[in-house]
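**Student:** Can you read through this structure? Questions will come right after.
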Amino acid sequence: MSEPTTTDQTLQELAEREYKWGFTTPIEQESLPPGLDEGVVRAISARKGEPDWMLQWRLKAFRHWSTMAEPKWHNVHYPPIDYQAVSYYSAPKNAKDGPKSLDEVDPELLKTYAKLGIPLKEQELLAGVAVDAVFDSVSVATTYKGKLNELGIVFCSFSEAVREHPELVRTYLGSVVPATDNFFASLNSAVFSDGSFVYIPNGVRCPMELSTYFRINAANTGQFERTLIVAEEGSYVSYLEGCTAPKRDENQLHAAVVELIALDRAQIKYSTVQNWYPGDKEGKGGIYNFVTKRGACRGFRSKISWTQVETGSAITWKYPSCILQGDESVGEFYSVAVTANRQQADTGTKMIHIGKNTKSTIVSKGISAGRGQNTYRGLVKILKNAEGARNYSQCDSMLMGDECGAHTFPYLEVRNETAQVEHEASTSKIGEDQIFYCNQRGLSNEDAVGMIVNGFCKEVFRELPMEFAVEAQKLLGISLEGSVG
Amino acid sequence: MLEIRNLHAAAGGKPILRGIDLTVKAGEVHAIMGPNGSGKSTLAQVLAGRDSYDVTQGTVRYRGEDLLELDPEERACKGLFLAFQYPVEIPGVNNTYFLRTGLNALRKARGESPVDAVDFLALAREKMKLLDMDEAFLARPVNVGFSGGEKKRNEIFQMAVLEPALAVLDETDSGLDIDALKVVANGVNSLRSQERAFVVVTHYQRLLEYIVPDFVHVIAEGRIVKSGGKELAHKLEAEGYAWLEKEPAAAKAAR
C-alpha cells in the first residue's frame, strides 16, 4: 500500500508523542565550570566534605579513566562527546546546609516534584513508600527514616553514608563494579555526585518499598549517581528507581553506577522506570544514558532480580547483571525497552554462573517505533565449576512501522557440561491483523495498539510493584488492565 | 439493513469483487456460497472495513448510512460484527479484558454507561453457557493456544456478548467437527431475531443444515451468479459448483 493507512498514522502519532514532562525549575544552581581534571575531582570531593580515602578512591578512578577510550562495540550511534565541555557538579544552592525536614525544602523544588506527580508530602501517606529524592546531585529529602532506623535499616544519600557509615561504604564500594571496570563506570567513580545507600541488617525484611526519584535539571550538567545496596544474611529489600527529566536542547550525559550485594539467603529486588527526556522527533536533545548496574549474589541461595522499563533517553546503554557466586543463587532480569522517534537502546544483561546449581532467568521485550533502534545484548556465562547451572532466556522484539529496527545479540559461554541453557527469541511486527481484529470489536487504533503492547509486555509488568506497573503502563500510553480474569 | 450496489473491490490492484448486489433485511439470514477464490471472504472483509482492500466502485448502505465512509471501529460500534475466518491471537491480553473493552466501546458509542468487571463477568458466564464453553476461557489470552474449534466458538461467544445488528460469519464452519459445528450453530440460532440479520459465508452446505438460511447466493469470480432459497444449497452440495459454469447467461446478465 502506498497511501498511509489510519493505523500507520496512529502508530506515528504514538511514536511522535511529545514528552510530557518537559519543563525546568528556576532554582539557582551552584555549578562547577565545564571541564574535567584532577582539580575538578578534588573540588567535588571537597565540596562534599569527604574523607581522604574517598578522595583517593576517586582519584585512582580518574587516573584510570584518563587512560581509557570510550567503548565502540555497542549498536548506538551519536556524535563524539566532549567530556571537557560537561560540568561535573551542580547542587541546588539553598540545599547547601541540608534541610532537616520537608518544611526546609525549597518550595520550587517541591513544586517540581508535584508536577512530576510525586508530591513528597503525600508520599508519606502512600502505603509503604519511603522516598530519597535526588534533585540533580544533592539529596534533599528523606522520609520514613525513623521507622527504618528502628529496624536497623540504613536508607540515606550516598554522601551521608560516606560520613555516617564509612566502614560499610569502604567495604562494599567498588566491590561489584570496580573503579576500573569500564569507561563510564570509571568516569562515575571519579566524579559521582550523590546517590543512595541502603543497608539491610541480618534477617530483616524491609517493610516498605524503598524509592528514589532521580532528576536532571541543570542544563549541560552530567548526572553521575552512585547507588549501593547491601543485604545481609536472610534479609529482603525491594528498591524502586524512577526518573523523568525536563526538556533540554543539548544532550545531557548520564553515567550511573549501581552495585548490589546479597549475602546468604538475602533477596534484592531492584525495579526501574526510566523516562529521561528522549529528544525530539528529529532526535535533537535527549539524555545519553550510560549505566553500569551489577549485582553480586555472594551468599548461598541469595537472589537478585532486576526489572526495568526503559522508555526514555536518546541513548540507553545498560546491562543490569548478576554474578551468581553463591551456590543455588538466583538471578533474574525482566526488561521492557521502548525506542521511538530516533531513540536508540542497547540493553540486556549478563548472568555469570559461578556457584553450583545457580539459576538465571532473562525476559526481554523490545519495542521499536518510528526510527527507533532497539538492541538486546546479553551474555550467559557458565563457569567450569558451576555444576547444574540453569538459564532460561526469552527475547521478544516488536516492531511498529517499517523504519525502525530490532537487533538481538545473545552470547553464550558454557564451560560445564551439566549446564542447561535455553534461549527463545521472536520478532513480530505489530500486526495489522491484530489491530483490525481489535477495531472490529470496537477499539480505536490507539486503544488497540495500547492493548497489544501492554499484552506483549505483560510478563515484565507483572514483576513490577503495583505503583510502578501503573506508571510503566501509563508511560506506554496504556490504560490499566481490568481486575477480572 | 444492508444494501450493496455494484460493489467492486481490489487487492493490490487485482480486482476481486466485480459488481456485487445484495440486499439484506432485518431478521433475515443470507448464505453466501461459492468456490475458493470467488471473493466471498473478501466481501466479508470489505464489509468490516479491512483497509487492505480498495473499493473501486459501488455503494454500501447500512442502516441508512454510507458504510464505506466509516472506520472499522465505527462500523463495529454501529452494530456490525465480523466473525473471523482466522481469529487473531493477542498474547498477554486476556479474553475478558479484551471483550469488556470492546463492549464498553460499543456502549459508549450508544451513550450507555460502561459495564464494570463484576457485571461483565455475570454476562459472560451466561453467554458462555450458550456455547458450552469452559470458564477457564475467560482468563486465557485472546485466542492464544486455542484449537481451531475453540477459536471459532470464541468468535460466536463474542458475538453473543456484543449483540450486533448485522453479523457477518466468515467460514465459521471451517475446521469444525460435527459436534463443534452443532454447538456453534446453536449459538447462532439462539441469536436469531427479527431485529438482527446474518450474512453467513461458507464453502459447504453442511453448516446450512444447522443454520437454515432464508436466502442462498452463489458467488463466482466476484459476482453473485445465482440466488435462491435454501434448496439452492442442496443443489450445490449434490452437484458442486461446476454446473454454474454451464450457465454463463446468468453470469453475463449480472454484469
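To be explicit about the labels: the chains of the C-alpha cells are called A, B, and onward in the order shown, and within each one the residues are counted from 1, while ligands get numbers from 1 in the order they are shown.
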Would you give me, as a tab-separated table, each residue of chain B having an atom within 8 Å of an atom of chain A, along with its shortest atom pair and that distance in Å to one decimal, using only C-alpha atoms and sorting by chain and residue number?
**Tutor:**
```
residue	atom	partner	partner_atom	distance
B:Gly12	CA	A:Met1	CA	7.3
B:Ala48	CA	A:Gln440	CA	6.9
B:Arg50	CA	A:Phe436	CA	7.0
B:Asp51	CA	A:Thr5	CA	7.5
B:Ser52	CA	A:Met1	CA	7.6
B:Pro72	CA	A:Asn439	CA	5.7
B:Glu73	CA	A:Gly442	CA	4.5
B:Glu74	CA	A:Gly442	CA	6.9
B:Arg75	CA	A:Gln440	CA	7.6
B:Ala76	CA	A:Gly442	CA	5.1
B:Cys77	CA	A:Gly442	CA	5.5
B:Phe81	CA	A:Gln440	CA	6.9
B:Leu82	CA	A:Gln440	CA	6.9
B:Pro87	CA	A:Tyr437	CA	7.8
B:Val88	CA	A:Gln434	CA	6.0
B:Glu89	CA	A:Gln434	CA	7.2
B:Ile90	CA	A:Ile452	CA	6.5
B:Pro91	CA	A:Gly455	CA	5.8
B:Gly92	CA	A:Gly455	CA	3.8
B:Val93	CA	A:Gly455	CA	4.8
B:Asn94	CA	A:Gly485	CA	7.0
B:Thr96	CA	A:Gly485	CA	6.4
B:Tyr97	CA	A:Gly482	CA	5.8
B:Leu99	CA	A:Arg441	CA	7.6
B:Thr101	CA	A:Leu443	CA	7.4
B:Gly102	CA	A:Gly442	CA	5.1
B:Leu103	CA	A:Gly442	CA	7.4
B:Ala105	CA	A:Gly442	CA	5.6
B:Leu106	CA	A:Gly442	CA	6.0
B:Ala117	CA	A:Val484	CA	6.1
B:Val118	CA	A:Val484	CA	7.8
B:Leu121	CA	A:Val484	CA	7.9
B:Leu138	CA	A:Gly485	CA	6.4
B:Ala139	CA	A:Gly485	CA	4.5
```
**Student:** When you look at stretch 381-392 of chain A with a cut-off of 10 Å (counting only C-alpha atoms), what residues show up, excluding the ones that are within fewer than 3 positions of it in the same chain? I need them as a ChimeraX atom specification.
**Tutor:** /A:323-325,327-332,350-363,378,411-424
**Student:** Report the residues of stretch 174-255 of chain B whose backbone DSSP state falls under helix (DSSP H, G or I), written as a VMD selection string.
**Tutor:** chain B and resid 178 to 191 206 to 210 230 to 239 242 to 245 248 to 254
**Student:** Identify all residues of stretch 66-203 of chain B in strand (DSSP E) (DSSP on the backbone) and supply them as a PDB file with N, CA and C atoms, in the first residue's frame.
**Tutor:**
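File states.pdb, as written:
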```
ATOM      1  N   ASP B  66     -23.815   5.571   4.771  1.00  0.00           N
ATOM      2  CA  ASP B  66     -22.810   5.107   3.823  1.00  0.00           C
ATOM      3  C   ASP B  66     -21.750   4.327   4.600  1.00  0.00           C
ATOM      4  N   LEU B  80     -22.128  -3.683  13.507  1.00  0.00           N
ATOM      5  CA  LEU B  80     -21.689  -4.660  12.510  1.00  0.00           C
ATOM      6  C   LEU B  80     -20.604  -5.534  13.135  1.00  0.00           C
ATOM      7  N   PHE B  81     -20.806  -6.823  13.053  1.00  0.00           N
ATOM      8  CA  PHE B  81     -19.864  -7.761  13.663  1.00  0.00           C
ATOM      9  C   PHE B  81     -19.361  -8.729  12.610  1.00  0.00           C
ATOM     10  N   LEU B  82     -18.051  -8.966  12.631  1.00  0.00           N
ATOM     11  CA  LEU B  82     -17.473  -9.974  11.742  1.00  0.00           C
ATOM     12  C   LEU B  82     -16.892 -11.101  12.591  1.00  0.00           C
ATOM     13  N   ALA B  83     -17.396 -12.319  12.365  1.00  0.00           N
ATOM     14  CA  ALA B  83     -16.755 -13.491  12.962  1.00  0.00           C
ATOM     15  C   ALA B  83     -15.665 -13.915  11.994  1.00  0.00           C
ATOM     16  N   ILE B  90      -3.851 -12.498  20.422  1.00  0.00           N
ATOM     17  CA  ILE B  90      -3.254 -11.317  21.055  1.00  0.00           C
ATOM     18  C   ILE B  90      -2.615 -11.756  22.371  1.00  0.00           C
ATOM     19  N   PRO B  91      -1.333 -12.094  22.343  1.00  0.00           N
ATOM     20  CA  PRO B  91      -0.674 -12.621  23.536  1.00  0.00           C
ATOM     21  C   PRO B  91      -0.707 -11.615  24.695  1.00  0.00           C
ATOM     22  N   GLY B  92      -0.917 -12.142  25.886  1.00  0.00           N
ATOM     23  CA  GLY B  92      -0.832 -11.305  27.088  1.00  0.00           C
ATOM     24  C   GLY B  92      -2.100 -10.534  27.418  1.00  0.00           C
ATOM     25  N   VAL B  93      -3.079 -10.553  26.518  1.00  0.00           N
ATOM     26  CA  VAL B  93      -4.325  -9.815  26.781  1.00  0.00           C
ATOM     27  C   VAL B  93      -5.418 -10.838  27.046  1.00  0.00           C
ATOM     28  N   ASN B  94      -6.006 -10.799  28.236  1.00  0.00           N
ATOM     29  CA  ASN B  94      -6.982 -11.849  28.488  1.00  0.00           C
ATOM     30  C   ASN B  94      -8.317 -11.563  27.820  1.00  0.00           C
ATOM     31  N   PRO B 141      -5.349 -15.799  27.357  1.00  0.00           N
ATOM     32  CA  PRO B 141      -5.111 -14.710  26.411  1.00  0.00           C
ATOM     33  C   PRO B 141      -5.897 -14.931  25.121  1.00  0.00           C
ATOM     34  N   VAL B 142      -6.284 -13.848  24.481  1.00  0.00           N
ATOM     35  CA  VAL B 142      -7.173 -13.896  23.327  1.00  0.00           C
ATOM     36  C   VAL B 142      -6.642 -14.853  22.246  1.00  0.00           C
ATOM     37  N   LEU B 166     -26.017  -6.598  12.667  1.00  0.00           N
ATOM     38  CA  LEU B 166     -25.683  -7.368  11.470  1.00  0.00           C
ATOM     39  C   LEU B 166     -24.427  -8.185  11.758  1.00  0.00           C
ATOM     40  N   ALA B 167     -24.571  -9.499  11.668  1.00  0.00           N
ATOM     41  CA  ALA B 167     -23.419 -10.361  11.918  1.00  0.00           C
ATOM     42  C   ALA B 167     -22.986 -11.001  10.611  1.00  0.00           C
ATOM     43  N   VAL B 168     -21.697 -10.861  10.314  1.00  0.00           N
ATOM     44  CA  VAL B 168     -21.137 -11.490   9.128  1.00  0.00           C
ATOM     45  C   VAL B 168     -20.248 -12.629   9.614  1.00  0.00           C
ATOM     46  N   LEU B 169     -20.589 -13.851   9.218  1.00  0.00           N
ATOM     47  CA  LEU B 169     -19.819 -15.019   9.662  1.00  0.00           C
ATOM     48  C   LEU B 169     -18.979 -15.517   8.493  1.00  0.00           C
ATOM     49  N   ASP B 170     -17.660 -15.403   8.654  1.00  0.00           N
ATOM     50  CA  ASP B 170     -16.777 -15.773   7.550  1.00  0.00           C
ATOM     51  C   ASP B 170     -16.231 -17.187   7.761  1.00  0.00           C
ATOM     52  N   ALA B 197     -29.776  -9.365  11.544  1.00  0.00           N
ATOM     53  CA  ALA B 197     -29.564 -10.051  10.271  1.00  0.00           C
ATOM     54  C   ALA B 197     -28.207 -10.757  10.269  1.00  0.00           C
ATOM     55  N   PHE B 198     -28.147 -11.833   9.485  1.00  0.00           N
ATOM     56  CA  PHE B 198     -26.889 -12.583   9.373  1.00  0.00           C
ATOM     57  C   PHE B 198     -26.493 -12.733   7.914  1.00  0.00           C
ATOM     58  N   VAL B 199     -25.203 -12.577   7.674  1.00  0.00           N
ATOM     59  CA  VAL B 199     -24.652 -12.962   6.376  1.00  0.00           C
ATOM     60  C   VAL B 199     -23.655 -14.075   6.671  1.00  0.00           C
ATOM     61  N   VAL B 200     -23.968 -15.274   6.199  1.00  0.00           N
ATOM     62  CA  VAL B 200     -23.155 -16.445   6.532  1.00  0.00           C
ATOM     63  C   VAL B 200     -22.365 -16.870   5.304  1.00  0.00           C
ATOM     64  N   VAL B 201     -21.065 -16.671   5.369  1.00  0.00           N
ATOM     65  CA  VAL B 201     -20.203 -17.049   4.253  1.00  0.00           C
ATOM     66  C   VAL B 201     -19.696 -18.464   4.497  1.00  0.00           C
ATOM     67  N   THR B 202     -19.923 -19.341   3.541  1.00  0.00           N
ATOM     68  CA  THR B 202     -19.454 -20.718   3.738  1.00  0.00           C
ATOM     69  C   THR B 202     -19.168 -21.404   2.411  1.00  0.00           C
TER      70      THR B 202
END
```
**Student:** Record the distance separating atom CA of A:Ala190 and atom CA of A:Ile287, expressed in Å with one decimal.
**Tutor:** 20.3 Å
**Student:** What's around B:Leu181 at 8 Å? Count only C-alpha atoms, leave out sequence neighbours fewer than 5 positions away in its own chain, and write the answer as a ChimeraX atom specification.
**Tutor:** /B:173,176,207
**Student:** Atom CA of A:Tyr83 and atom CA of A:Leu260, how far apart in Å?
**Tutor:**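 It comes out at 27.9 Å.
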**Student:** May I ask for the distance between atom CA of B:Arg5 and atom CA of B:Arg61, given in Å to one decimal place?
**Tutor:**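 Interatomic distance here is 8.5 Å.
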**Student:** At a cut-off of 8 Å, using only C-alpha atoms, what residues contact B:Gly58? Leave out same-chain residues fewer than 4 positions from it and give the result as a ChimeraX atom specification.
**Tutor:** /B:4-8,19
**Student:** Let me see the file: selected residues, C-alpha atoms, as a compact mmCIF listing (two decimals), in the first residue's frame.
**Tutor:**
```txt
# COMPACT_ATOMS: atom_id res chain seq x y z
CA ILE B 4 -24.86 -3.43 -1.58
CA ARG B 5 -24.90 -1.99 -5.08
CA ASN B 6 -22.44 -2.81 -7.83
CA LEU B 7 -19.59 -3.27 -5.36
CA HIS B 8 -16.14 -3.60 -6.85
CA GLY B 19 -20.09 -5.93 -9.08
```
